[in-house]
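**Student:** What follows is my_file.json, made up of JSON, C-alpha atoms:
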```json
[["chain", "number", "residue", "atom", "x", "y", "z"],
["A", 132, "MET", "CA", 0.00, 0.00, 0.00],
["A", 133, "ALA", "CA", 2.85, 2.38, 0.76],
["A", 134, "LYS", "CA", 4.29, 1.65, -2.67],
["A", 135, "ASN", "CA", 0.99, 2.54, -4.37],
["A", 136, "MET", "CA", 0.74, 5.80, -2.43],
["A", 137, "ALA", "CA", 4.24, 6.69, -3.58],
["A", 138, "LYS", "CA", 3.17, 6.06, -7.17],
["A", 139, "VAL", "CA", 0.06, 8.25, -6.86],
["A", 140, "THR", "CA", 2.07, 11.02, -5.24],
["A", 141, "CYS", "CA", 4.59, 10.81, -8.05],
["A", 142, "LEU", "CA", 1.85, 11.01, -10.68],
["A", 143, "LEU", "CA", 0.52, 14.14, -9.05],
["A", 144, "ALA", "CA", 3.90, 15.75, -8.72],
["A", 145, "PHE", "CA", 4.69, 14.93, -12.39],
["A", 146, "ALA", "CA", 8.30, 16.05, -12.21],
["A", 147, "GLY", "CA", 10.53, 13.01, -12.16],
["A", 148, "CYS", "CA", 7.73, 10.58, -12.94],
["A", 149, "ALA", "CA", 9.31, 9.58, -16.23],
["A", 150, "ALA", "CA", 12.39, 8.36, -14.40],
["A", 151, "THR", "CA", 10.39, 6.36, -11.86],
["A", 152, "PHE", "CA", 7.67, 5.09, -14.21],
["A", 153, "ALA", "CA", 9.25, 5.02, -17.65],
["A", 154, "ASN", "CA", 6.11, 3.56, -19.21],
["A", 155, "ASP", "CA", 3.78, 6.38, -18.13],
["A", 156, "PRO", "CA", 1.93, 7.28, -21.38],
["A", 157, "LEU", "CA", 0.34, 10.50, -20.16],
["A", 158, "SER", "CA", 3.04, 13.14, -20.37],
["A", 159, "VAL", "CA", 0.73, 15.20, -18.20],
["A", 160, "LYS", "CA", 3.47, 17.70, -17.54],
["A", 161, "GLY", "CA", 3.21, 18.66, -21.22],
["A", 162, "LEU", "CA", -0.27, 20.01, -20.58],
["A", 163, "VAL", "CA", 1.04, 23.22, -19.09],
["A", 164, "SER", "CA", 3.20, 26.06, -20.26],
["A", 165, "GLU", "CA", 5.30, 28.40, -18.17],
["A", 166, "SER", "CA", 2.12, 30.24, -17.24],
["A", 167, "VAL", "CA", 0.63, 26.95, -15.94],
["A", 168, "THR", "CA", -2.67, 27.29, -17.78],
["A", 169, "ILE", "CA", -4.76, 24.47, -19.18],
["A", 170, "CYS", "CA", -7.62, 25.33, -21.57],
["A", 171, "GLY", "CA", -7.21, 28.99, -20.67],
["A", 172, "ASN", "CA", -7.67, 28.29, -16.94],
["A", 173, "ASP", "CA", -5.20, 28.48, -14.04],
["A", 174, "ASP", "CA", -7.22, 26.39, -11.57],
["A", 175, "ILE", "CA", -7.04, 23.00, -13.32],
["A", 176, "TRP", "CA", -3.34, 22.62, -12.63],
["A", 177, "ASP", "CA", -3.88, 23.42, -8.95],
["A", 178, "TYR", "CA", -6.74, 20.92, -8.75],
["A", 179, "ILE", "CA", -4.67, 18.01, -10.03],
["A", 180, "SER", "CA", -1.23, 18.88, -8.66],
["A", 181, "SER", "CA", -1.90, 20.04, -5.10],
["A", 182, "PRO", "CA", -3.34, 16.85, -3.45],
["A", 183, "SER", "CA", -0.72, 14.96, -1.42],
["A", 184, "SER", "CA", -2.78, 12.28, 0.35],
["A", 185, "HIS", "CA", -5.17, 9.51, -0.61],
["A", 186, "ASN", "CA", -8.20, 11.41, 0.73],
["A", 187, "GLN", "CA", -7.17, 14.61, -1.09],
["A", 188, "ILE", "CA", -6.75, 12.67, -4.33],
["A", 189, "LYS", "CA", -10.25, 11.26, -3.95],
["A", 190, "GLY", "CA", -11.50, 14.84, -3.49],
["A", 191, "ILE", "CA", -10.20, 16.16, -6.85],
["A", 192, "PRO", "CA", -13.23, 17.90, -8.50],
["A", 193, "TRP", "CA", -13.13, 16.03, -11.80],
["A", 194, "GLN", "CA", -16.59, 17.23, -12.85],
["A", 195, "ASP", "CA", -15.58, 20.88, -12.37],
["A", 196, "ILE", "CA", -12.46, 20.25, -14.44],
["A", 197, "ASP", "CA", -14.50, 18.62, -17.22],
["A", 198, "ASP", "CA", -16.96, 21.54, -17.22],
["A", 199, "ILE", "CA", -14.14, 24.10, -17.50],
["A", 200, "MET", "CA", -12.55, 22.27, -20.42],
["A", 201, "ASP", "CA", -15.88, 21.66, -22.20],
["A", 202, "ASP", "CA", -16.80, 25.35, -21.87],
["A", 203, "PHE", "CA", -13.45, 26.43, -23.32],
["A", 204, "ILE", "CA", -13.73, 24.01, -26.24],
["A", 205, "GLY", "CA", -17.30, 25.18, -26.88],
["A", 206, "ASP", "CA", -16.20, 28.82, -26.86],
["A", 207, "GLN", "CA", -13.46, 28.12, -29.40],
["A", 208, "GLU", "CA", -15.88, 26.21, -31.64],
["A", 209, "THR", "CA", -18.25, 29.19, -31.56],
["A", 210, "LEU", "CA", -15.45, 31.64, -32.41],
["A", 211, "VAL", "CA", -14.27, 29.41, -35.26],
["A", 212, "SER", "CA", -17.81, 29.22, -36.65],
["A", 213, "GLN", "CA", -18.14, 33.00, -36.46],
["A", 214, "ALA", "CA", -14.80, 33.38, -38.25],
["A", 215, "ASP", "CA", -15.95, 30.97, -40.97],
["A", 216, "VAL", "CA", -19.03, 33.10, -41.61],
["A", 217, "LYS", "CA", -16.97, 36.30, -41.73],
["A", 218, "ILE", "CA", -14.35, 34.73, -44.03],
["A", 219, "ALA", "CA", -17.03, 33.57, -46.47],
["A", 220, "GLU", "CA", -18.60, 37.04, -46.49],
["A", 221, "LEU", "CA", -15.25, 38.78, -47.03],
["A", 222, "LYS", "CA", -14.40, 36.47, -49.92],
["A", 223, "LYS", "CA", -17.74, 37.25, -51.56],
["A", 224, "ARG", "CA", -17.21, 40.99, -51.16],
["A", 225, "ILE", "CA", -13.66, 40.80, -52.53],
["A", 226, "ALA", "CA", -14.81, 38.75, -55.51],
["A", 227, "LYS", "CA", -17.58, 41.25, -56.18],
["A", 228, "LYS", "CA", -15.18, 44.18, -55.98],
["A", 229, "LYS", "CA", -12.71, 42.54, -58.32],
["A", 230, "GLY", "CA", -15.52, 41.64, -60.71],
["A", 231, "GLU", "CA", -16.61, 45.23, -61.12],
["A", 232, "ALA", "CA", -15.50, 47.29, -64.09],
["A", 233, "THR", "CA", -11.84, 48.24, -63.97],
["A", 234, "SER", "CA", -10.87, 51.88, -64.02],
["A", 235, "ARG", "CA", -8.35, 53.82, -66.06],
["A", 236, "THR", "CA", -6.08, 56.69, -65.09],
["A", 237, "MET", "CA", -6.85, 60.21, -66.23],
["A", 238, "SER", "CA", -5.21, 61.07, -69.51],
["A", 239, "GLU", "CA", -2.81, 63.98, -69.91],
["A", 240, "GLU", "CA", -5.40, 65.94, -71.88],
["A", 241, "GLU", "CA", -8.04, 65.38, -69.21],
["A", 242, "ILE", "CA", -5.67, 66.66, -66.54],
["A", 243, "LYS", "CA", -4.85, 69.75, -68.60],
["A", 244, "GLY", "CA", -8.52, 70.42, -69.16],
["A", 245, "LEU", "CA", -9.29, 70.12, -65.44],
["A", 246, "VAL", "CA", -6.38, 72.45, -64.52],
["A", 247, "LYS", "CA", -7.48, 74.93, -67.18],
["A", 248, "GLN", "CA", -11.02, 75.11, -65.82],
["A", 249, "THR", "CA", -9.69, 75.46, -62.30],
["A", 250, "VAL", "CA", -7.27, 78.38, -62.84],
["A", 251, "GLU", "CA", -9.75, 80.17, -65.15],
["A", 252, "ASP", "CA", -12.39, 80.24, -62.42],
["A", 253, "ALA", "CA", -13.44, 83.79, -61.52],
["A", 254, "ALA", "CA", -12.28, 83.28, -57.93],
["A", 255, "ALA", "CA", -8.88, 82.05, -59.18],
["A", 256, "PHE", "CA", -6.68, 83.69, -61.86],
["A", 257, "GLY", "CA", -9.37, 84.25, -64.46],
["A", 258, "SER", "CA", -7.23, 82.81, -67.26],
["A", 259, "THR", "CA", -4.55, 80.21, -67.86],
["A", 260, "ASP", "CA", -2.16, 82.84, -69.23],
["A", 261, "ALA", "CA", -2.48, 84.86, -66.02],
["A", 262, "ALA", "CA", -1.55, 81.82, -63.95],
["A", 263, "VAL", "CA", 1.42, 81.00, -66.21],
["A", 264, "GLU", "CA", 2.76, 84.55, -66.47],
["A", 265, "THR", "CA", 2.59, 85.18, -62.71],
["A", 266, "ALA", "CA", 4.02, 81.74, -61.79],
["A", 267, "CYS", "CA", 0.74, 80.93, -60.03],
["A", 268, "GLY", "CA", 0.63, 84.16, -58.03],
["A", 269, "LYS", "CA", 4.32, 84.77, -57.29],
["A", 270, "PRO", "CA", 4.59, 88.28, -55.78],
["A", 271, "GLY", "CA", 6.31, 90.77, -58.13],
["A", 272, "LEU", "CA", 5.11, 89.11, -61.31],
["A", 273, "THR", "CA", 2.30, 90.72, -63.33],
["A", 274, "PHE", "CA", -0.01, 89.81, -66.20],
["A", 275, "LYS", "CA", -0.54, 92.51, -68.83],
["A", 276, "GLY", "CA", 0.91, 95.00, -66.41],
["A", 277, "GLN", "CA", -1.57, 94.10, -63.70],
["A", 278, "ARG", "CA", -1.07, 92.31, -60.41],
["A", 279, "PRO", "CA", -2.82, 88.95, -60.37],
["A", 280, "ASN", "CA", -5.65, 88.10, -58.03],
["A", 281, "PRO", "CA", -3.87, 87.82, -54.64],
["A", 282, "MET", "CA", -6.24, 84.96, -53.80],
["A", 283, "GLY", "CA", -5.66, 83.18, -57.12],
["A", 284, "PHE", "CA", -3.69, 80.34, -55.51],
["A", 285, "ASP", "CA", -6.31, 79.61, -52.84],
["A", 286, "GLY", "CA", -9.16, 80.26, -55.27],
["A", 287, "SER", "CA", -7.76, 77.65, -57.65],
["A", 288, "VAL", "CA", -7.50, 75.04, -54.91],
["A", 289, "THR", "CA", -11.05, 75.76, -53.78],
["A", 290, "ALA", "CA", -12.45, 75.66, -57.32],
["A", 291, "SER", "CA", -10.71, 72.38, -58.10],
["A", 292, "GLU", "CA", -13.08, 70.37, -55.91],
["A", 293, "ALA", "CA", -16.20, 71.42, -57.80],
["A", 294, "VAL", "CA", -14.49, 71.12, -61.19],
["A", 295, "ALA", "CA", -13.22, 67.63, -60.35],
["A", 296, "GLY", "CA", -16.62, 66.57, -59.03],
["A", 297, "LYS", "CA", -18.31, 67.60, -62.27],
["A", 298, "PHE", "CA", -15.65, 65.86, -64.36],
["A", 299, "PHE", "CA", -15.91, 62.49, -62.55],
["A", 300, "ASP", "CA", -19.72, 62.61, -62.49],
["A", 301, "GLU", "CA", -19.80, 63.10, -66.28],
["A", 302, "ARG", "CA", -17.38, 60.21, -66.80],
["A", 303, "LEU", "CA", -19.38, 57.92, -64.52],
["A", 304, "SER", "CA", -22.63, 58.77, -66.29],
["A", 305, "GLU", "CA", -21.05, 57.33, -69.45],
["A", 306, "ASP", "CA", -19.69, 54.25, -67.60],
["A", 307, "ASP", "CA", -16.19, 55.60, -68.09],
["A", 308, "PHE", "CA", -14.52, 54.63, -64.82],
["A", 309, "VAL", "CA", -11.59, 57.02, -64.54],
["A", 310, "GLU", "CA", -9.36, 57.69, -61.55],
["A", 311, "SER", "CA", -6.77, 60.29, -60.74],
["A", 312, "ASP", "CA", -3.15, 59.62, -59.84],
["A", 313, "VAL", "CA", -1.36, 62.18, -57.66],
["A", 314, "VAL", "CA", 2.08, 61.77, -59.22],
["A", 315, "SER", "CA", 1.00, 61.98, -62.85],
["A", 316, "PHE", "CA", -1.50, 64.78, -62.13],
["A", 317, "THR", "CA", 1.16, 66.88, -60.39],
["A", 318, "LYS", "CA", 3.68, 66.54, -63.21],
["A", 319, "VAL", "CA", 1.20, 67.30, -66.01],
["A", 320, "CYS", "CA", -0.15, 70.26, -64.04],
["A", 321, "GLU", "CA", 3.34, 71.70, -63.48],
["A", 322, "ASP", "CA", 4.25, 71.32, -67.15],
["A", 323, "TYR", "CA", 0.97, 72.86, -68.28],
["A", 324, "LEU", "CA", 1.49, 75.91, -66.06],
["A", 325, "GLY", "CA", 5.08, 76.39, -67.17],
["A", 326, "PHE", "CA", 6.95, 75.29, -64.06],
["A", 327, "GLN", "CA", 10.67, 75.19, -64.92],
["A", 328, "ARG", "CA", 12.98, 72.38, -63.82],
["A", 329, "THR", "CA", 16.54, 73.61, -64.22],
["A", 330, "GLY", "CA", 18.13, 71.00, -61.98],
["A", 331, "ASP", "CA", 18.43, 73.41, -59.08],
["A", 332, "THR", "CA", 15.42, 72.31, -57.06],
["A", 333, "VAL", "CA", 15.80, 75.08, -54.49],
["A", 334, "ALA", "CA", 15.96, 77.83, -57.09],
["A", 335, "ASP", "CA", 13.09, 76.30, -59.07],
["A", 336, "ASP", "CA", 10.93, 76.15, -55.95],
["A", 337, "VAL", "CA", 11.65, 79.77, -55.03],
["A", 338, "ALA", "CA", 10.98, 81.01, -58.56],
["A", 339, "SER", "CA", 7.41, 79.72, -58.77],
["A", 340, "TYR", "CA", 4.34, 78.85, -56.74],
["A", 341, "CYS", "CA", 3.07, 76.45, -59.40],
["A", 342, "ASP", "CA", 4.69, 73.35, -57.90],
["A", 343, "GLU", "CA", 2.99, 73.98, -54.56],
["A", 344, "MET", "CA", -0.33, 74.80, -56.21],
["A", 345, "CYS", "CA", -0.24, 71.73, -58.46],
["A", 346, "SER", "CA", 0.52, 69.56, -55.43],
["A", 347, "GLU", "CA", -2.56, 70.94, -53.67],
["A", 348, "LEU", "CA", -4.69, 70.54, -56.79],
["A", 349, "ALA", "CA", -3.55, 66.91, -57.16],
["A", 350, "ARG", "CA", -4.44, 66.21, -53.53],
["A", 351, "LYS", "CA", -7.91, 67.72, -53.86],
["A", 352, "VAL", "CA", -8.66, 65.95, -57.13],
["A", 353, "GLN", "CA", -7.46, 62.63, -55.68],
["A", 354, "MET", "CA", -9.87, 62.99, -52.76],
["A", 355, "VAL", "CA", -12.77, 63.52, -55.18],
["A", 356, "SER", "CA", -11.55, 60.64, -57.33],
["A", 357, "ASN", "CA", -11.44, 58.26, -54.36],
["A", 358, "GLU", "CA", -14.93, 59.30, -53.34],
["A", 359, "LYS", "CA", -16.41, 58.92, -56.80],
["A", 360, "SER", "CA", -14.56, 55.80, -57.93],
["A", 361, "PRO", "CA", -16.81, 52.71, -58.21],
["A", 362, "THR", "CA", -13.88, 50.31, -58.12],
["A", 363, "ARG", "CA", -12.10, 51.68, -55.06],
["A", 364, "LYS", "CA", -8.94, 49.56, -55.26],
["A", 365, "VAL", "CA", -8.05, 50.72, -51.80],
["A", 366, "ASP", "CA", -11.23, 49.03, -50.54],
["A", 367, "VAL", "CA", -10.19, 45.71, -52.06],
["A", 368, "LYS", "CA", -6.82, 45.85, -50.38],
["A", 369, "LYS", "CA", -8.45, 46.75, -47.09],
["A", 370, "LEU", "CA", -10.83, 43.79, -47.42],
["A", 371, "GLU", "CA", -7.95, 41.48, -48.27],
["A", 372, "ARG", "CA", -6.04, 42.60, -45.18],
["A", 373, "GLU", "CA", -9.14, 42.04, -43.05],
["A", 374, "LEU", "CA", -9.54, 38.58, -44.59],
["A", 375, "GLN", "CA", -5.93, 37.73, -43.77],
["A", 376, "ARG", "CA", -6.36, 38.84, -40.15],
["A", 377, "THR", "CA", -9.60, 36.86, -39.81],
["A", 378, "GLU", "CA", -8.05, 33.71, -41.26],
["A", 379, "SER", "CA", -5.06, 34.05, -38.95],
["A", 380, "ASN", "CA", -7.35, 34.53, -35.97],
["A", 381, "ARG", "CA", -9.36, 31.46, -36.98],
["A", 382, "LEU", "CA", -6.23, 29.31, -37.13],
["A", 383, "GLU", "CA", -5.30, 30.52, -33.66],
["A", 384, "LYS", "CA", -8.72, 29.53, -32.28],
["A", 385, "VAL", "CA", -8.56, 26.12, -33.97],
["A", 386, "ALA", "CA", -5.10, 25.53, -32.46],
["A", 387, "LYS", "CA", -6.37, 26.46, -28.99],
["A", 388, "GLN", "CA", -9.36, 24.16, -29.41],
["A", 389, "LYS", "CA", -7.20, 21.19, -30.48],
["A", 390, "GLU", "CA", -4.72, 21.88, -27.68],
["A", 391, "CYS", "CA", -7.52, 21.83, -25.11],
["A", 392, "GLU", "CA", -9.04, 18.68, -26.60],
["A", 393, "GLY", "CA", -5.65, 16.98, -26.32],
["A", 394, "ALA", "CA", -5.30, 18.19, -22.74],
["A", 395, "LYS", "CA", -8.75, 16.85, -21.92],
["A", 396, "ASP", "CA", -7.86, 13.39, -23.28],
["A", 397, "ARG", "CA", -4.65, 13.26, -21.26],
["A", 398, "ILE", "CA", -6.30, 14.49, -18.08],
["A", 399, "ASN", "CA", -9.10, 11.94, -18.44],
["A", 400, "ASN", "CA", -6.48, 9.20, -18.87],
["A", 401, "PHE", "CA", -4.71, 10.55, -15.83],
["A", 402, "LYS", "CA", -8.00, 10.52, -13.91],
["A", 403, "ASP", "CA", -8.59, 6.88, -14.86],
["A", 404, "ILE", "CA", -5.12, 5.91, -13.61],
["A", 405, "LEU", "CA", -5.65, 7.75, -10.33],
["A", 406, "LYS", "CA", -9.07, 6.18, -9.82],
["A", 407, "GLY", "CA", -7.63, 2.76, -10.64],
["A", 408, "LEU", "CA", -4.84, 3.21, -8.14],
["A", 409, "SER", "CA", -7.26, 4.55, -5.57],
["A", 410, "GLY", "CA", -9.55, 1.56, -6.09],
["A", 411, "GLU", "CA", -6.61, -0.80, -5.86],
["A", 412, "MET", "CA", -5.51, 0.86, -2.64],
["A", 413, "SER", "CA", -9.04, 0.62, -1.22],
["A", 414, "ALA", "CA", -9.31, -3.08, -2.16],
["A", 415, "LYS", "CA", -5.94, -3.85, -0.66],
["A", 416, "HIS", "CA", -6.86, -1.88, 2.41],
["A", 417, "VAL", "CA", -9.94, -4.11, 2.86],
["A", 418, "LEU", "CA", -7.82, -7.22, 2.41],
["A", 419, "PHE", "CA", -5.17, -5.86, 4.74],
["A", 420, "GLN", "CA", -7.84, -5.03, 7.30],
["A", 421, "LYS", "CA", -9.28, -8.58, 7.05],
["A", 422, "ALA", "CA", -5.80, -10.03, 7.44],
["A", 423, "GLU", "CA", -5.17, -7.88, 10.50],
["A", 424, "TRP", "CA", -8.47, -9.01, 12.00],
["A", 425, "ALA", "CA", -7.58, -12.65, 11.26],
["A", 426, "LEU", "CA", -4.20, -12.15, 12.86],
["A", 427, "ALA", "CA", -5.79, -10.51, 15.88],
["A", 428, "ASP", "CA", -8.24, -13.42, 16.17],
["A", 429, "ALA", "CA", -5.40, -15.91, 15.86],
["A", 430, "GLN", "CA", -3.42, -14.06, 18.48],
["A", 431, "ARG", "CA", -6.40, -14.11, 20.83],
["A", 432, "ALA", "CA", -6.95, -17.83, 20.14],
["A", 433, "LEU", "CA", -3.28, -18.50, 20.75],
["A", 434, "LEU", "CA", -3.39, -16.54, 23.98],
["A", 435, "SER", "CA", -6.49, -18.46, 25.08],
["A", 436, "LEU", "CA", -4.86, -21.74, 24.14],
["A", 437, "THR", "CA", -1.71, -20.79, 26.01],
["A", 438, "GLN", "CA", -3.71, -19.88, 29.08],
["A", 439, "ASP", "CA", -5.61, -23.18, 28.87],
["A", 440, "LEU", "CA", -2.35, -25.10, 28.54],
["A", 441, "GLU", "CA", -0.91, -23.27, 31.51],
["A", 442, "THR", "CA", -4.01, -24.07, 33.56],
["A", 443, "GLN", "CA", -3.89, -27.70, 32.50],
["A", 444, "ALA", "CA", -0.20, -27.87, 33.34],
["A", 445, "ALA", "CA", -0.89, -26.46, 36.78],
["A", 446, "LEU", "CA", -3.57, -29.08, 37.39],
["A", 447, "VAL", "CA", -1.24, -31.84, 36.26],
["A", 448, "GLU", "CA", 1.47, -30.55, 38.55],
["A", 449, "LYS", "CA", -0.92, -30.44, 41.43],
["A", 450, "ALA", "CA", -2.09, -33.96, 40.71],
["A", 451, "ASN", "CA", 1.49, -35.19, 40.57],
["A", 452, "GLN", "CA", 2.19, -33.63, 43.95],
["A", 453, "GLY", "CA", -0.85, -35.44, 45.41],
["A", 454, "LEU", "CA", 0.43, -38.76, 44.18],
["A", 455, "THR", "CA", 3.83, -38.27, 45.76],
["A", 456, "ASP", "CA", 2.30, -37.38, 49.07]]
```
Could you render the structure from this file as structure tokens?
**Tutor:**
Amino acid sequence: MAKNMAKVTCLLAFAGCAATFANDPLSVKGLVSESVTICGNDDIWDYISSPSSHNQIKGIPWQDIDDIMDDFIGDQETLVSQADVKIAELKKRIAKKKGEATSRTMSEEEIKGLVKQTVEDAAAFGSTDAAVETACGKPGLTFKGQRPNPMGFDGSVTASEAVAGKFFDERLSEDDFVESDVVSFTKVCEDYLGFQRTGDTVADDVASYCDEMCSELARKVQMVSNEKSPTRKVDVKKLERELQRTESNRLEKVAKQKECEGAKDRINNFKDILKGLSGEMSAKHVLFQKAEWALADAQRALLSLTQDLETQAALVEKANQGLTD
């Protein structure tokens, strides 16, 4: 019985069990990480590792442990199912987006036309020549001897939004899915307004406001383009990133579910071994108790027999003394 208790204690302690019982198939110690959690719970390890006596082992709350593990597995299954639904929906949306009509980039002539309408707005420079001759409102430069509109730069930027909106709406009405590109728009705009590139970027920047104004116009037009575009490539990429995150999260939940299922199998095997050892100990205890009672009865019978023999011997001795007298 002492040997069995040592085995149970070793199973509970885990560490060193492999050396003592090389055939132990459970590898229960592998259930836990450094954080000592099983199925996302810290209590299970305490339940099965803290008992140090036969009575404490019998008191391990196996049903509570099963409930904790079943709840965790159920939660992971639910999360995986939810992820499956979301993944299917994202794939449908991505396929739909990619199946829509593809767009084209604004042509050079379209960019020039949009810039022309913008700078010729009454609140801007009033004419393309005025914008070119004054380097988009550079102080000190005049057009036909007159100072340009001091608000021509800001007026052009403001007007660009309405001009761009009208342009994209007209294209969409004819199923012509066109989009702007900031880099190409900026370069065409600068060339159209006469911005000079001499190789000295600092001097070129100081000599004209057109590079700054074209940069602002390109930004404004791009915002309108993004808003009006039916294809919205950026949306597809965003959906694809969301799909990747969801799939990764699903794999994580599946891994946690399988890990917990494996832990449950090993703990149940461990429980069966403990119950078997406990039952063996109880059976041997009954047998040991019966043997002790049999020994006690034998000892009492022997004592009674000894006392009877001593009494009989005394009577014989007394009888012998009577004969000699």
**Student:** Could you list, as a PDB file with C-alpha atoms, keeping the file's coordinate frame, every residue within 6 Å of A:Gln388, counting all atoms listed in the file and ignoring same-chain residues fewer than 3 positions away?
**Tutor:**
```
ATOM      1  CA  ILE A 204     -13.730  24.010 -26.240  1.00  0.00           C
ATOM      2  CA  GLN A 207     -13.460  28.120 -29.400  1.00  0.00           C
ATOM      3  CA  VAL A 385      -8.560  26.120 -33.970  1.00  0.00           C
ATOM      4  CA  CYS A 391      -7.520  21.830 -25.110  1.00  0.00           C
TER       5      CYS A 391
END
```
**Student:** Taking all atoms listed in the file into account, which of A:Arg302, A:Arg381, A:Asn280, A:Val294 comes nearest A:Ser234?
**Tutor:**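 The answer is A:Arg302, which sits nearest to A:Ser234.
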**Student:** For A:Met237, which of A:Ser315, A:Ser346, A:Asn357, A:Thr377 is the closest residue, counting only C-alpha atoms?
**Tutor:**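 Smallest distance to A:Met237 is found for A:Ser315.
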**Student:** Quick one: residues within 9 Å of A:Glu240, all atoms listed in the file counted, chain neighbours fewer than 4 positions away excluded, as a PyMOL selection string?
**Tutor:** chain A and resi 244-245+319
